[in-house]
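Okay, model-v8.cif is below, mmCIF, C-alpha atoms:
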```cif
data_target
#
loop_
_atom_site.label_atom_id
_atom_site.label_comp_id
_atom_site.auth_asym_id
_atom_site.auth_seq_id
_atom_site.Cartn_x
_atom_site.Cartn_y
_atom_site.Cartn_z
CA MET A 176 -10.26 43.84 -31.10
CA CYS A 177 -7.29 43.73 -33.49
CA ILE A 178 -4.05 45.19 -32.13
CA ARG A 179 -1.82 46.80 -34.73
CA HIS A 180 1.91 46.64 -34.19
CA PRO A 181 3.18 49.97 -32.76
CA ILE A 182 5.38 52.23 -34.85
CA VAL A 183 8.94 52.33 -33.55
CA THR A 184 10.01 55.84 -32.49
CA MET A 185 13.45 57.03 -31.49
CA ASN A 186 14.11 58.68 -28.14
CA CYS A 187 17.18 60.87 -27.96
CA ASN A 188 16.97 61.61 -24.21
CA PRO A 189 20.02 60.23 -22.42
CA GLY A 190 19.92 58.41 -19.09
CA PRO A 191 17.89 55.51 -17.64
CA GLN A 192 14.75 56.48 -19.51
CA SER A 193 16.66 56.24 -22.78
CA SER A 194 17.88 52.71 -22.02
CA ILE A 195 14.38 51.58 -21.08
CA GLN A 196 12.99 53.06 -24.28
CA GLN A 197 15.70 51.34 -26.31
CA GLN A 198 14.78 48.01 -24.73
CA ARG A 199 11.14 48.54 -25.56
CA GLU A 200 12.02 49.42 -29.13
CA HIS A 201 14.11 46.25 -29.34
CA TRP A 202 11.12 44.21 -28.15
CA ASN A 203 8.84 45.95 -30.64
CA ARG A 204 11.22 45.21 -33.51
CA ASN A 205 11.48 41.53 -32.53
CA HIS A 206 7.71 41.29 -32.17
CA SER A 207 7.14 42.90 -35.57
CA THR A 208 9.72 40.64 -37.19
CA SER A 209 8.13 37.49 -35.72
CA ALA A 210 4.65 38.62 -36.76
CA ARG A 211 5.82 39.34 -40.32
CA LYS A 212 7.54 35.95 -40.64
CA LEU A 213 4.46 34.22 -39.23
CA VAL A 214 2.27 35.77 -41.92
CA GLN A 215 4.72 35.00 -44.71
CA THR A 216 5.16 31.35 -43.72
CA GLU A 217 1.40 30.98 -43.24
CA GLN A 218 0.81 32.20 -46.78
CA LEU A 219 3.30 29.67 -48.14
CA TYR A 220 1.83 26.90 -45.99
CA ASN A 221 -1.72 27.55 -47.21
CA HIS A 222 -0.50 27.58 -50.80
CA GLN A 223 1.22 24.21 -50.34
CA LEU A 224 -1.89 22.67 -48.78
CA GLN A 225 -3.95 23.95 -51.68
CA GLN A 226 -1.54 22.37 -54.17
CA ILE A 227 -1.73 18.99 -52.41
CA ILE A 228 -5.53 19.05 -52.41
CA THR A 229 -5.77 20.21 -56.03
CA TYR A 230 -3.19 17.96 -57.67
CA PHE A 231 -3.51 14.87 -55.49
CA VAL A 232 -6.69 14.60 -53.42
CA ASP A 233 -9.22 16.02 -55.89
CA ILE A 234 -7.75 14.33 -58.96
CA LEU A 235 -7.51 10.96 -57.21
CA ASN A 236 -11.11 11.37 -56.11
CA ALA A 237 -12.24 12.18 -59.65
CA LYS A 238 -10.25 9.41 -61.35
CA GLY A 239 -10.99 6.73 -58.77
CA THR A 240 -7.38 5.53 -58.77
CA LEU A 241 -7.62 4.84 -55.06
CA LYS A 242 -10.60 3.67 -53.05
CA GLN A 243 -12.12 6.15 -50.66
CA GLY A 244 -10.91 4.35 -47.55
CA ILE A 245 -7.34 4.16 -48.83
CA ARG A 246 -7.44 7.79 -49.94
CA GLU A 247 -8.64 8.90 -46.50
CA SER A 248 -5.96 6.80 -44.82
CA ILE A 249 -3.25 8.60 -46.77
CA PHE A 250 -4.50 12.20 -46.69
CA SER A 251 -6.56 12.01 -43.48
CA SER A 252 -7.98 15.42 -42.43
CA ILE A 253 -5.86 17.59 -44.71
CA LYS A 254 -8.90 19.30 -46.26
CA GLU A 255 -10.24 20.32 -42.86
CA ILE A 256 -6.78 21.57 -41.87
CA HIS A 257 -6.61 23.72 -44.99
CA SER A 258 -10.04 25.15 -44.24
CA ILE A 259 -9.21 26.30 -40.70
CA ASN A 260 -5.83 27.63 -41.78
CA GLN A 261 -7.47 29.80 -44.41
CA VAL A 262 -9.47 31.50 -41.66
CA LEU A 263 -6.33 31.91 -39.57
CA LEU A 264 -4.49 33.49 -42.49
CA VAL A 265 -7.22 36.12 -42.95
CA HIS A 266 -6.82 37.26 -39.32
CA LEU A 267 -3.02 37.19 -39.47
CA GLU A 268 -2.94 39.34 -42.60
CA SER A 269 -5.21 41.90 -40.90
CA GLY A 270 -2.94 42.06 -37.85
CA CYS A 271 -5.35 40.26 -35.48
CA ILE A 272 -2.94 37.55 -34.33
CA GLY A 273 -4.52 36.89 -30.94
CA ARG A 274 -8.04 36.83 -32.35
CA GLY A 275 -6.96 34.54 -35.17
CA PHE A 276 -5.42 31.95 -32.82
CA ASP A 277 -8.44 32.17 -30.49
CA LEU A 278 -10.59 30.95 -33.38
CA PHE A 279 -7.95 28.54 -34.66
CA CYS A 280 -7.10 26.57 -31.50
CA PRO A 281 -10.58 25.07 -30.84
CA ASN A 282 -10.28 23.32 -34.23
CA LEU A 283 -6.92 21.71 -33.54
CA GLN A 284 -8.62 18.32 -33.23
CA TYR A 285 -8.13 18.06 -36.99
CA TYR A 286 -4.40 18.29 -36.39
CA ASN A 287 -4.69 15.67 -33.64
CA THR A 288 -6.41 13.33 -36.09
CA TYR A 289 -3.76 14.00 -38.71
CA VAL A 290 -0.70 13.50 -36.48
CA ASP A 291 -2.18 10.33 -34.98
CA ASN A 292 -2.57 8.90 -38.48
CA ILE A 293 0.71 10.07 -40.03
CA TYR A 294 2.61 6.80 -39.54
CA ASN A 295 -0.30 4.73 -40.76
CA ALA A 296 -0.54 7.05 -43.77
CA SER A 297 3.11 6.40 -44.61
CA LYS A 298 2.54 2.65 -44.33
CA VAL A 299 -0.55 2.68 -46.56
CA LEU A 300 1.28 4.85 -49.08
CA ARG A 301 4.18 2.39 -49.30
CA ILE A 302 1.80 -0.51 -49.78
CA GLN A 303 -0.09 1.24 -52.57
CA LEU A 304 3.12 2.19 -54.34
CA LYS A 305 4.04 -1.50 -54.45
CA LYS A 306 0.65 -2.88 -55.43
CA ASN A 307 -1.03 -0.15 -57.49
CA LYS A 308 0.84 0.54 -60.72
CA ALA A 309 -1.58 3.28 -61.82
CA PHE A 310 -1.14 5.16 -58.56
CA ARG A 311 2.63 4.79 -58.77
CA ARG A 312 2.67 6.38 -62.23
CA PHE A 313 0.25 9.13 -61.14
CA LYS A 314 2.34 10.04 -58.08
CA LYS A 315 5.54 10.22 -60.11
CA LEU A 316 3.88 12.43 -62.72
CA GLN A 317 2.41 14.87 -60.20
CA GLU A 318 5.67 15.21 -58.29
CA THR A 319 7.39 16.52 -61.43
CA ARG A 320 5.17 19.62 -61.43
CA SER A 321 6.99 22.89 -60.85
CA GLU A 322 4.56 23.78 -58.05
CA PHE A 323 6.11 21.15 -55.77
CA ASN A 324 9.78 22.11 -56.33
CA ASN A 325 10.88 18.46 -56.68
CA HIS A 326 9.32 17.52 -53.32
CA LYS A 327 7.99 13.99 -52.92
CA LEU A 328 4.49 13.27 -51.68
CA GLU A 329 5.99 11.71 -48.55
CA GLU A 330 7.61 15.06 -47.74
CA LEU A 331 4.46 17.05 -48.48
CA LEU A 332 2.40 14.93 -46.11
CA GLN A 333 4.70 15.97 -43.26
CA LEU A 334 3.87 19.68 -43.64
CA PRO A 335 1.02 19.83 -41.08
CA VAL A 336 3.16 18.01 -38.52
CA GLN A 337 6.06 20.39 -39.06
CA ARG A 338 3.77 23.43 -38.96
CA ILE A 339 2.76 22.74 -35.35
CA ASP A 340 6.36 23.09 -34.23
CA GLN A 341 6.63 26.32 -36.22
CA TYR A 342 3.54 27.71 -34.49
CA LYS A 343 5.11 26.91 -31.14
CA HIS A 344 8.29 28.76 -32.10
CA PHE A 345 6.46 31.86 -33.39
CA LEU A 346 4.12 32.09 -30.40
CA GLN A 347 7.02 31.86 -27.97
CA ASN A 348 8.80 34.71 -29.74
CA LEU A 349 5.67 36.85 -29.87
CA ILE A 350 4.93 36.39 -26.17
CA ALA A 351 8.54 37.04 -25.16
CA ASN A 352 8.51 40.45 -26.85
CA ILE A 353 5.28 41.97 -25.55
CA SER A 354 4.22 43.20 -22.13
CA PRO A 355 1.81 41.12 -19.99
CA ASP A 356 -0.45 44.19 -20.02
CA ASN A 357 -0.77 43.98 -23.79
CA PRO A 358 -4.25 42.76 -24.89
CA GLU A 359 -2.54 40.25 -27.18
CA PHE A 360 -0.67 38.58 -24.32
CA GLN A 361 -3.52 36.46 -22.93
CA PRO A 362 -4.85 35.04 -26.24
CA LEU A 363 -1.32 34.27 -27.40
CA SER A 364 -0.55 32.52 -24.09
CA ARG A 365 -3.69 30.41 -24.38
CA ALA A 366 -2.79 29.52 -27.95
CA LEU A 367 0.72 28.53 -26.91
CA ASN A 368 -0.61 26.13 -24.27
CA VAL A 369 -2.90 24.42 -26.78
CA VAL A 370 -0.23 24.21 -29.47
CA CYS A 371 2.28 22.79 -26.96
CA THR A 372 -0.24 20.06 -26.15
CA VAL A 373 -0.40 19.05 -29.81
CA SER A 374 3.39 19.29 -30.07
CA GLN A 375 3.76 16.96 -27.09
CA ARG A 376 1.29 14.59 -28.73
CA ILE A 377 3.51 14.50 -31.83
CA GLU A 378 6.58 13.75 -29.72
CA ASN A 379 4.77 10.94 -27.89
CA ASN A 380 3.61 9.42 -31.17
CA THR A 381 7.16 9.56 -32.49
CA ARG A 382 8.51 7.83 -29.39
CA CYS A 383 5.86 5.12 -29.61
CA TYR A 384 6.56 4.55 -33.29
CA GLU A 385 10.32 4.34 -32.79
CA ASN A 386 9.81 1.97 -29.86
CA HIS A 387 7.56 -0.21 -32.03
CA LEU A 388 10.28 -0.37 -34.68
CA GLN A 389 12.82 -1.46 -32.04
CA LEU A 390 10.51 -4.19 -30.74
CA CYS A 391 9.92 -5.45 -34.28
CA ARG A 392 13.66 -5.47 -34.93
CA VAL A 393 14.38 -7.53 -31.80
CA GLN A 394 11.52 -9.89 -32.67
CA LYS A 395 13.11 -10.53 -36.08
CA LEU A 396 16.47 -11.22 -34.43
CA LEU A 397 14.95 -14.05 -32.40
CA LYS A 398 14.61 -17.44 -34.06
CA GLY A 399 11.05 -18.67 -34.35
CA GLN A 400 7.99 -17.14 -32.72
CA GLN A 401 8.21 -18.78 -29.29
CA MET A 402 9.34 -15.60 -27.56
CA LYS A 403 6.87 -12.74 -28.07
CA VAL A 404 8.67 -9.44 -27.69
CA LEU A 405 5.81 -7.32 -29.03
CA ALA A 406 3.53 -6.50 -26.11
CA ALA A 407 1.35 -3.56 -25.15
CA GLY A 408 3.08 -1.14 -22.81
CA ARG A 409 6.54 -2.64 -23.30
CA TRP A 410 9.43 -0.27 -24.06
CA TYR A 411 12.80 -1.13 -25.51
CA ILE A 412 15.72 0.25 -23.47
CA ARG A 413 19.03 -1.24 -24.59
CA GLU A 414 20.92 -4.36 -25.63
CA GLY A 415 24.48 -5.69 -25.54
CA TRP A 416 26.85 -8.52 -24.73
CA LEU A 417 27.58 -9.44 -21.12
CA LYS A 418 29.36 -12.45 -19.63
CA VAL A 419 27.34 -14.72 -17.39
CA VAL A 420 29.28 -15.98 -14.35
CA PRO A 421 28.18 -19.54 -13.42
CA PRO A 422 27.48 -20.15 -9.71
CA LYS A 423 29.96 -23.05 -9.43
CA GLY A 424 33.04 -21.32 -10.81
CA ALA A 425 32.83 -22.61 -14.37
CA GLN A 426 33.99 -20.57 -17.32
CA THR A 427 32.07 -17.40 -18.11
CA LYS A 428 29.86 -17.41 -21.18
CA PRO A 429 29.10 -14.33 -23.30
CA MET A 430 25.37 -13.82 -23.81
CA MET A 431 23.27 -11.22 -25.56
CA PHE A 432 20.90 -9.33 -23.29
CA PHE A 433 17.89 -7.25 -24.31
CA LEU A 434 16.55 -4.91 -21.64
CA PHE A 435 12.92 -3.84 -21.79
CA SER A 436 10.78 -1.85 -19.40
CA ASP A 437 9.39 -5.00 -17.76
CA MET A 438 11.88 -7.81 -18.40
CA LEU A 439 15.48 -8.75 -19.17
CA LEU A 440 15.83 -11.22 -22.03
CA GLN A 441 18.90 -13.49 -22.21
CA ALA A 442 19.71 -15.02 -25.59
CA LYS A 443 22.53 -16.86 -27.31
CA ARG A 444 23.60 -16.73 -30.93
CA CYS A 445 22.34 -19.44 -33.25
CA SER A 446 24.72 -22.06 -34.55
CA PRO A 447 26.76 -20.89 -37.58
CA LEU A 448 26.07 -24.27 -39.19
CA TYR A 449 22.72 -22.86 -40.31
CA PRO A 450 23.45 -19.94 -42.67
CA THR A 451 19.86 -18.66 -42.60
CA ASN A 452 19.99 -18.26 -38.81
CA GLY A 453 23.58 -17.08 -38.53
CA ASN A 454 22.62 -13.56 -37.42
CA LYS A 455 19.76 -14.60 -35.18
CA PHE A 456 19.47 -15.48 -31.49
CA VAL A 457 17.68 -18.06 -29.43
CA GLY A 458 15.88 -16.81 -26.35
CA GLN A 459 16.98 -18.70 -23.22
CA HIS A 460 15.61 -16.88 -20.19
CA ALA A 461 13.16 -14.03 -19.67
CA TYR A 462 13.69 -12.42 -16.26
CA PRO A 463 10.78 -10.25 -15.07
CA LEU A 464 11.94 -7.03 -13.40
CA GLN A 465 8.99 -6.80 -11.03
CA ASP A 466 10.79 -8.28 -8.00
CA CYS A 467 14.36 -7.80 -9.22
CA THR A 468 17.12 -6.13 -7.18
CA VAL A 469 20.41 -4.95 -8.70
CA GLU A 470 23.71 -4.51 -6.89
CA LYS A 471 27.21 -3.65 -8.01
CA VAL A 472 29.98 -6.09 -7.07
CA PHE A 473 33.53 -4.70 -7.08
CA GLY A 474 37.04 -6.18 -6.71
CA HIS A 475 36.70 -9.19 -9.02
CA THR A 476 38.00 -7.78 -12.31
CA LYS A 477 41.00 -5.69 -11.13
CA SER A 478 39.29 -2.32 -11.84
CA GLN A 479 38.84 -3.17 -15.51
CA GLY A 480 35.10 -3.62 -15.24
CA GLY A 481 32.97 -5.23 -12.62
CA LEU A 482 30.08 -7.48 -11.75
CA LEU A 483 26.36 -6.89 -11.50
CA SER A 484 24.33 -9.06 -9.17
CA LEU A 485 20.69 -9.46 -10.15
CA SER A 486 18.45 -11.20 -7.63
CA PHE A 487 15.09 -12.63 -8.60
CA PRO A 488 12.61 -14.57 -6.43
CA LYS A 489 13.77 -17.92 -7.84
CA ALA A 490 17.13 -17.14 -9.43
CA LYS A 491 20.27 -15.08 -9.12
CA LEU A 492 22.29 -13.77 -12.02
CA LEU A 493 25.90 -12.54 -12.07
CA LEU A 494 26.84 -10.45 -15.10
CA MET A 495 30.39 -9.37 -15.84
CA SER A 496 31.87 -6.80 -18.20
CA SER A 497 35.45 -5.66 -18.71
CA ASN A 498 34.22 -2.23 -19.82
CA GLN A 499 33.57 -0.07 -16.76
CA VAL A 500 31.58 2.53 -18.70
CA ASP A 501 29.36 -0.11 -20.28
CA LEU A 502 28.79 -1.75 -16.91
CA ASN A 503 27.77 1.56 -15.34
CA GLU A 504 25.32 2.19 -18.17
CA TRP A 505 23.77 -1.21 -17.66
CA TYR A 506 23.48 -0.56 -13.92
CA LYS A 507 21.77 2.80 -14.50
CA SER A 508 19.39 1.35 -17.07
CA LEU A 509 18.41 -1.59 -14.87
CA THR A 510 17.84 0.47 -11.74
CA SER A 511 15.87 3.07 -13.68
CA ALA A 512 13.65 0.43 -15.30
CA ILE A 513 12.96 -1.26 -11.95
CA ARG A 514 12.21 2.07 -10.26
CA LYS A 515 9.76 3.11 -12.97
CA LEU A 516 8.09 -0.29 -12.88
CA HIS A 517 7.62 -0.08 -9.12
CA SER A 518 6.30 3.49 -9.29
CA THR A 519 3.74 2.48 -11.91
CA GLN A 520 2.56 -0.46 -9.81
CA THR A 521 2.34 1.76 -6.71
CA VAL A 522 0.00 4.15 -8.52
CA VAL A 523 -2.18 1.23 -9.65
CA HIS A 524 -2.38 -0.18 -6.12
CA GLN A 525 -3.27 3.23 -4.70
CA ARG A 526 -6.10 3.58 -7.17
CA ASP A 527 -7.41 0.15 -6.19
CA GLU A 528 -7.48 1.15 -2.53
CA PHE A 529 -9.79 4.08 -3.27
CA CYS A 530 -12.23 1.96 -5.27
CA PRO A 531 -15.69 1.69 -3.58
CA ARG A 532 -16.38 -1.57 -1.84
CA THR A 533 -19.24 -3.79 -2.94
CA LEU A 534 -22.41 -4.23 -0.91
CA ARG A 535 -21.49 -7.82 -0.12
CA GLU A 536 -18.30 -6.71 1.59
CA ALA A 537 -19.91 -4.08 3.80
CA PRO A 538 -21.33 -6.44 6.46
CA GLU A 539 -17.98 -8.17 6.75
CA ASN A 540 -16.21 -4.94 7.57
CA ASN A 541 -18.70 -4.13 10.32
CA SER A 542 -18.43 -7.53 11.96
CA THR A 543 -16.16 -8.12 14.91
CA SER A 544 -12.69 -9.53 14.33
CA ASN A 545 -12.58 -11.72 17.45
CA SER A 546 -14.18 -14.78 15.88
CA THR A 547 -11.49 -15.33 13.29
CA THR A 548 -11.39 -19.12 13.59
CA THR A 549 -15.14 -19.61 13.17
CA THR A 550 -15.66 -17.15 10.33
CA ALA A 551 -12.49 -17.77 8.36
CA ILE A 552 -14.08 -20.12 5.83
CA PRO A 553 -17.26 -18.06 5.13
CA GLN A 554 -15.22 -14.90 4.73
CA ARG A 555 -12.90 -16.67 2.32
CA ASN A 556 -15.87 -17.68 0.20
CA ARG A 557 -17.42 -14.22 0.15
CA ASN A 558 -14.34 -12.03 -0.17
CA LEU A 559 -13.95 -11.80 -3.93
CA GLY A 560 -11.25 -9.17 -3.69
CA SER A 561 -8.58 -11.23 -1.94
CA SER A 562 -8.75 -15.01 -1.84
CA GLU A 563 -10.30 -15.65 -5.24
CA ASN A 564 -7.66 -13.49 -6.86
CA ASP A 565 -5.03 -15.65 -5.23
CA VAL A 566 -6.73 -18.78 -6.55
CA LYS A 567 -6.89 -17.25 -10.03
CA VAL A 568 -3.20 -16.43 -9.93
CA HIS A 569 -2.39 -19.99 -8.91
CA LYS A 570 -4.65 -21.45 -11.61
CA SER A 571 -3.19 -19.16 -14.28
CA SER A 572 0.34 -20.26 -13.42
CA VAL A 573 -0.69 -23.92 -13.70
CA GLU A 574 -2.45 -23.34 -17.02
CA CYS A 575 0.59 -21.57 -18.43
CA LYS A 576 2.63 -24.70 -17.87
CA SER A 577 0.11 -27.24 -19.13
CA SER A 578 -2.13 -25.58 -21.71
CA ALA A 579 -1.54 -24.06 -25.12
CA PRO A 580 -0.44 -20.43 -25.53
CA LYS A 581 -3.86 -19.51 -26.98
CA ARG A 582 -5.40 -19.80 -23.52
CA MET A 583 -3.16 -17.04 -22.23
CA LYS A 584 -4.96 -14.20 -24.07
CA GLN A 585 -7.18 -13.34 -21.11
CA SER A 586 -6.84 -10.09 -19.20
CA GLN A 587 -4.24 -10.42 -16.51
CA THR A 588 -3.20 -8.61 -13.41
CA PRO A 589 0.41 -7.33 -13.06
CA GLU A 590 1.20 -10.40 -10.99
CA GLN A 591 -0.15 -12.77 -13.65
CA ARG A 592 1.59 -10.98 -16.49
CA VAL A 593 4.97 -12.19 -15.22
CA ASP A 594 4.28 -15.71 -16.43
CA THR A 595 3.40 -14.63 -19.98
CA PHE A 596 6.99 -13.73 -20.77
CA SER A 597 8.00 -17.30 -21.28
CA PHE A 598 6.26 -19.02 -24.19
CA GLY A 599 9.38 -21.01 -25.18
CA CYS A 600 11.84 -19.45 -22.73
CA VAL A 601 12.47 -20.30 -19.14
CA ILE A 602 10.93 -17.97 -16.57
CA LEU A 603 12.91 -17.57 -13.38
#
```

Can the structure in the file be given as structure tokens, please?
Amino acid sequence: MCIRHPIVTMNCNPGPQSSIQQQREHWNRNHSTSARKLVQTEQLYNHQLQQIITYFVDILNAKGTLKQGIRESIFSSIKEIHSINQVLLVHLESGCIGRGFDLFCPNLQYYNTYVDNIYNASKVLRIQLKKNKAFRRFKKLQETRSEFNNHKLEELLQLPVQRIDQYKHFLQNLIANISPDNPEFQPLSRALNVVCTVSQRIENNTRCYENHLQLCRVQKLLKGQQMKVLAAGRWYIREGWLKVVPPKGAQTKPMMFFLFSDMLLQAKRCSPLYPTNGNKFVGQHAYPLQDCTVEKVFGHTKSQGGLLSLSFPKAKLLLMSSNQVDLNEWYKSLTSAIRKLHSTQTVVHQRDEFCPRTLREAPENNSTSNSTTTTAIPQRNRNLGSSENDVKVHKSSVECKSSAPKRMKQSQTPEQRVDTFSFGCVIL
């Protein structure tokens, strides 16, 4: 059932009832204003989508300027998005906002497809503009049309992504200005939950893309390809210069440190004698954060900074900075990264504990534990969950030292992944 917006009436009775009525009228005005703006912006949005499909997608399809795969990579599911938004607009114009979003939200998978592809679409578009002269001329010609108001194609492709955030804003305003007893409240609340899920998906994609750009930037700063910074699940945190304090009282040496979610990379600047590598670094040590502990050391820099003590299973690192604020930021970043790494590993271990045991392990669990000396060797041969994993870890560490890097592309446990940080750097 479509709910029309109520007509605002004035109540001249003084007293508490008058103030309550005024508040309700204020809510009704805000609700009507949000509903009117939603319809107006939806009309403009549908018109813009229609222009993109008419002057870009359909003409490119007819002329064959771009191959079908490339064309789909750039425009993705924009036709399907326009189709479902046309249906939504019909309901919004008739005043059935809740009903319209009830029919609209189940089709938001087209938006999911579009937002997941938006960065790839931008990449493919840049490549085609460099390689395809005919497409470059066509794009420039179409962008000069008055219908686009001097907007570039790159900007037009962002419209569906931006519209999700606008839906979130409008739905929040509509819900905030109606009573929970209103029939529109429940459908609008359901729609807001679904739209917020897509909005969170967009934010996560943006974070992943920005993190990928940071990893690529750090990879380009490192000389050669011996140190692989790009890795699945790795997040860039921060970077900066810190002084390394030698254990035997020698002079401190400034080093560049890159902090990631799973390791701390120490690097030094390349020699200025090579102009091509003057702005690059050489990776020296990659410290895994899995078993790292961080402590603050005070009293060594006369309150003008401090020391950080980093302890690893096979090494200890003392880092000094004369900037107290910078040192505190490094301490917070390190402790936060280690805490998150440990919490992630704890969840993984807890999931492993609840995994069902195999049939071969069942008789061993029912056997008595008194004969440990006589059954130690058979149990070691049959227990695939404990001893063989240890052997695999030992073998993987030996192979990492003796074999080529190509043999390290097998699936690894969190314990084995520590050794893959090295390549050309020293793992401590």

Given all atoms listed in the file as the counted atoms, nearest of A:Gln333, A:Ala309, A:Tyr285, A:Ser207 to Leu241 of chain A: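 That would be A:Ala309, the residue with the smallest distance to Leu241 of chain A.
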
Nearby residues (all atoms listed in the file) at most 7 Å from Lys455 of chain A, same-chain spacing under 6 positions excluded, as a PyMOL selection string: chain A and resi 396-398+444-445

Point-to-point distance in Å for atom CA of Trp410 of chain A and atom CA of Lys515 of chain A: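 Taking atom CA of Lys515 of chain A and atom CA of Trp410 of chain A, their separation equals 11.6 Å.
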
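Remark: for Leu349 of chain A, the closest of the candidate residues A:Gln499, A:Thr451, A:Thr208, A:Thr519 is A:Thr208 (distances computed over only C-alpha atoms).
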
Evaluate the PyMOL selection byres ((chain A and resi 351-359) around 12) and report residues as a ChimeraX atom specification: /A:176-181,198-210,270-277,344-350,360-367

Restricting it to C-alpha atoms, dump the selection as a PDB file, keeping the file's coordinate frame.
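The resulting part29.pdb:
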```pdb
ATOM      1  CA  MET A 176     -10.260  43.840 -31.100  1.00  0.00           C
ATOM      2  CA  CYS A 177      -7.290  43.730 -33.490  1.00  0.00           C
ATOM      3  CA  ILE A 178      -4.050  45.190 -32.130  1.00  0.00           C
ATOM      4  CA  ARG A 179      -1.820  46.800 -34.730  1.00  0.00           C
ATOM      5  CA  HIS A 180       1.910  46.640 -34.190  1.00  0.00           C
ATOM      6  CA  PRO A 181       3.180  49.970 -32.760  1.00  0.00           C
ATOM      7  CA  GLN A 198      14.780  48.010 -24.730  1.00  0.00           C
ATOM      8  CA  ARG A 199      11.140  48.540 -25.560  1.00  0.00           C
ATOM      9  CA  GLU A 200      12.020  49.420 -29.130  1.00  0.00           C
ATOM     10  CA  HIS A 201      14.110  46.250 -29.340  1.00  0.00           C
ATOM     11  CA  TRP A 202      11.120  44.210 -28.150  1.00  0.00           C
ATOM     12  CA  ASN A 203       8.840  45.950 -30.640  1.00  0.00           C
ATOM     13  CA  ARG A 204      11.220  45.210 -33.510  1.00  0.00           C
ATOM     14  CA  ASN A 205      11.480  41.530 -32.530  1.00  0.00           C
ATOM     15  CA  HIS A 206       7.710  41.290 -32.170  1.00  0.00           C
ATOM     16  CA  SER A 207       7.140  42.900 -35.570  1.00  0.00           C
ATOM     17  CA  THR A 208       9.720  40.640 -37.190  1.00  0.00           C
ATOM     18  CA  SER A 209       8.130  37.490 -35.720  1.00  0.00           C
ATOM     19  CA  ALA A 210       4.650  38.620 -36.760  1.00  0.00           C
ATOM     20  CA  GLY A 270      -2.940  42.060 -37.850  1.00  0.00           C
ATOM     21  CA  CYS A 271      -5.350  40.260 -35.480  1.00  0.00           C
ATOM     22  CA  ILE A 272      -2.940  37.550 -34.330  1.00  0.00           C
ATOM     23  CA  GLY A 273      -4.520  36.890 -30.940  1.00  0.00           C
ATOM     24  CA  ARG A 274      -8.040  36.830 -32.350  1.00  0.00           C
ATOM     25  CA  GLY A 275      -6.960  34.540 -35.170  1.00  0.00           C
ATOM     26  CA  PHE A 276      -5.420  31.950 -32.820  1.00  0.00           C
ATOM     27  CA  ASP A 277      -8.440  32.170 -30.490  1.00  0.00           C
ATOM     28  CA  HIS A 344       8.290  28.760 -32.100  1.00  0.00           C
ATOM     29  CA  PHE A 345       6.460  31.860 -33.390  1.00  0.00           C
ATOM     30  CA  LEU A 346       4.120  32.090 -30.400  1.00  0.00           C
ATOM     31  CA  GLN A 347       7.020  31.860 -27.970  1.00  0.00           C
ATOM     32  CA  ASN A 348       8.800  34.710 -29.740  1.00  0.00           C
ATOM     33  CA  LEU A 349       5.670  36.850 -29.870  1.00  0.00           C
ATOM     34  CA  ILE A 350       4.930  36.390 -26.170  1.00  0.00           C
ATOM     35  CA  PHE A 360      -0.670  38.580 -24.320  1.00  0.00           C
ATOM     36  CA  GLN A 361      -3.520  36.460 -22.930  1.00  0.00           C
ATOM     37  CA  PRO A 362      -4.850  35.040 -26.240  1.00  0.00           C
ATOM     38  CA  LEU A 363      -1.320  34.270 -27.400  1.00  0.00           C
ATOM     39  CA  SER A 364      -0.550  32.520 -24.090  1.00  0.00           C
ATOM     40  CA  ARG A 365      -3.690  30.410 -24.380  1.00  0.00           C
ATOM     41  CA  ALA A 366      -2.790  29.520 -27.950  1.00  0.00           C
ATOM     42  CA  LEU A 367       0.720  28.530 -26.910  1.00  0.00           C
TER      43      LEU A 367
END
```

Between atom CA of Ile377 of chain A and atom CA of Phe279 of chain A - distance in Å to one decimal: 18.3 Å

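Within 7 Å of Ser486 of chain A, once all atoms listed in the file are used and residues closer than 4 positions along the same chain are dropped, the contacting residues are Cys467, Thr468, Val469, Ala490, Lys491 and Leu492 of chain A.
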
Separation of atom CA of Glu378 of chain A from atom CA of Met438 of chain A in Å: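 Those two atoms sit 24.9 Å apart.
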
Exercise: Leu502 of chain A partners within 9 Å, all atoms listed in the file, chain neighbours under 3 positions left out, as a list in words: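 Selected residues are Leu417, Gly480, Gly481, Leu482, Leu483, Met495, Ser496, Ser497, Asn498, Gln499, Trp505, Tyr506 and Lys507 of chain A.
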
Put the listed atoms of segment 201-217 of chain A in a box along x, y and z with 8 Å added on every side and give me the centre and edge lengths in Å to one decimal, as JSON.
```
{"center_x": 7.8, "center_y": 38.6, "center_z": -36.4, "size_x": 28.7, "size_y": 31.3, "size_z": 32.6}
```

Resolved residues for the PyMOL selection byres ((chain A and resi 289) around 12) as a PyMOL selection string: chain A and resi 247-257+283-288+290-297+332-337+339+373+376-377+380

Closest of A:Gln261, A:Asn236, A:Gln341, A:Asn503 to Leu213 of chain A - atom-to-atom distances counting only C-alpha atoms: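 Nearest candidate to Leu213 of chain A out of A:Gln261, A:Asn236, A:Gln341, A:Asn503: A:Gln341.
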
Selection under test: the PyMOL selection byres ((chain A and resi 514) around 12); residues as a ChimeraX atom specification: /A:436-437,464-469,507-513,515-521

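Between Leu328 of chain A and the candidates A:Leu390, A:Arg311, A:Leu219, A:Lys238, the tightest atom-to-atom separation, counting only C-alpha atoms, involves A:Arg311.
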
Closest of A:Gln215, A:Asn282, A:Gln317, A:Gln426 to Thr229 of chain A - atom-to-atom distances counting only C-alpha atoms: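 Residue with the minimum atom-to-atom distance to Thr229 of chain A: A:Gln317.
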